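Trainee: Before we start, here is the structure in question, set down as structure tokens.
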Amino acid sequence: MYESLLNFPGGLFADFERLQRELQQSFGAVGQPSSIRAVASGTFPSINVGSTPASVEIYAFAPGLDPSKLDVQIDRGVLTLSGERPSALPSGDEGQAVYASERFSGRFRRTVSLPEDIDPDRVTANYRDGVLHISVSRRESAQPKRVEIK
């Protein structure tokens, strides 16, 4: 009998889950990551960072965002990506209740430390199909040079 009261939408467990989501959105993920990822689960947007001999490549997986509202900056070797994802939840309808909301909404900010040999004046950023691709070129002096043997 009590199990049915705890598991139905709007029951005790649903209230605890809602409270947990609200706390995470208000205060962010606290503590150590809960997986092998570089940050705690649920951090938005998810990113991949890779390196080639000529550049550092950053991919941010951010579907449904307006690229004109994203801000990408490089300052003292740190790349910062910030913006805001609007809520997709219904608002103002008194008769409608939301039982589960897993989609992140609100302001976000991600930072990536870059290697010392990057050139902050040679950066490109493209947003396509929900993926922001940022390419930061390395300085010419850091590129491998082939020495001719005579």
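We name chains A, B, ... following the order of the structure tokens; residues begin at 1 in each chain, and ligands are numbered from 1 as shown.
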Might you pull out every residue within 7 Å of Ala62 of chain A, with only C-alpha atoms counted and same-chain residues fewer than 4 positions away left off, and present them as JSON, numbers by chain?
Mentor: {"A": [45, 130, 131, 132]}
Trainee: Name all residues at most 7 Å from His133 of chain A (count only C-alpha atoms; drop same-chain ones fewer than 4 positions away) and give them as a ChimeraX atom specification.
Mentor: /A:58-60,125-127
Trainee: Please save C-alpha atoms of the selected residues as a compact mmCIF listing (two decimals), in the first residue's frame.
Mentor:
```
# COMPACT_ATOMS: atom_id res chain seq x y z
CA ILE A 58 37.25 21.66 -28.56
CA TYR A 59 33.80 20.20 -29.27
CA ALA A 60 30.87 21.35 -27.11
CA ALA A 125 34.30 28.68 -33.89
CA ASN A 126 31.50 27.02 -35.86
CA TYR A 127 28.10 25.81 -34.64
```
Trainee: Rounded to one decimal in Å, what is the spacing between atom CA of Arg76 of chain A and atom CA of Ser141 of chain A?
Mentor: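 Separation between atom CA of Arg76 of chain A and atom CA of Ser141 of chain A: 18.5 Å.
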Trainee: Using only C-alpha atoms, can you tell me which of A:Val49, A:Leu65, A:Ile149, A:Ala97 comes closest to Ser113 of chain A?
Mentor: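 Closest candidate: A:Val49.
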Trainee: Which residues are near Asp71 of chain A? Cut-off 7 Å, only C-alpha atoms, ignore same chain within fewer than 2 positions. Put them as a ChimeraX atom specification.
Mentor: /A:69,73,81-83
Trainee: Hey, can you check how far atom CA of Val56 of chain A sits from atom CA of Glu140 of chain A?
Mentor: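 Atom CA of Glu140 of chain A lies 13.6 Å from atom CA of Val56 of chain A.
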Trainee: Env of Ser51 of chain A: 10 Å cut, atoms = only C-alpha atoms, seq-sep filter 6 positions within chain, self excluded. Answer as a PyMOL selection string.
Mentor: chain A and resi 57-58+115+135-138
Trainee: Which one is closest to Phe104 of chain A: A:Gln143, A:Thr43, A:Asn48, A:Ser55? Count only C-alpha atoms.
Mentor: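 Closest to Phe104 of chain A, using only C-alpha atoms: A:Thr43.
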Trainee: For atom CA of Ile134 of chain A and atom CA of Arg146 of chain A, quote the distance in Å rounded to one decimal.
Mentor: 27.9 Å
Trainee: Fewer than 4 positions away in the same chain doesn't count, so skip those; otherwise give me all residues within 12 Å of Arg139 of chain A, counting only C-alpha atoms, as a PyMOL selection string.
Mentor: chain A and resi 53-56+115-123+143-144
Trainee: Compile the contact shell of Glu84 of chain A as a list in words: residues with an atom at most 8 Å away, counting only C-alpha atoms, same-chain residues fewer than 5 positions apart removed.
Mentor: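 Close residues of Glu84 of chain A: Lys69, Leu70, Ser105, Gly106, Arg107 and Phe108 of chain A.
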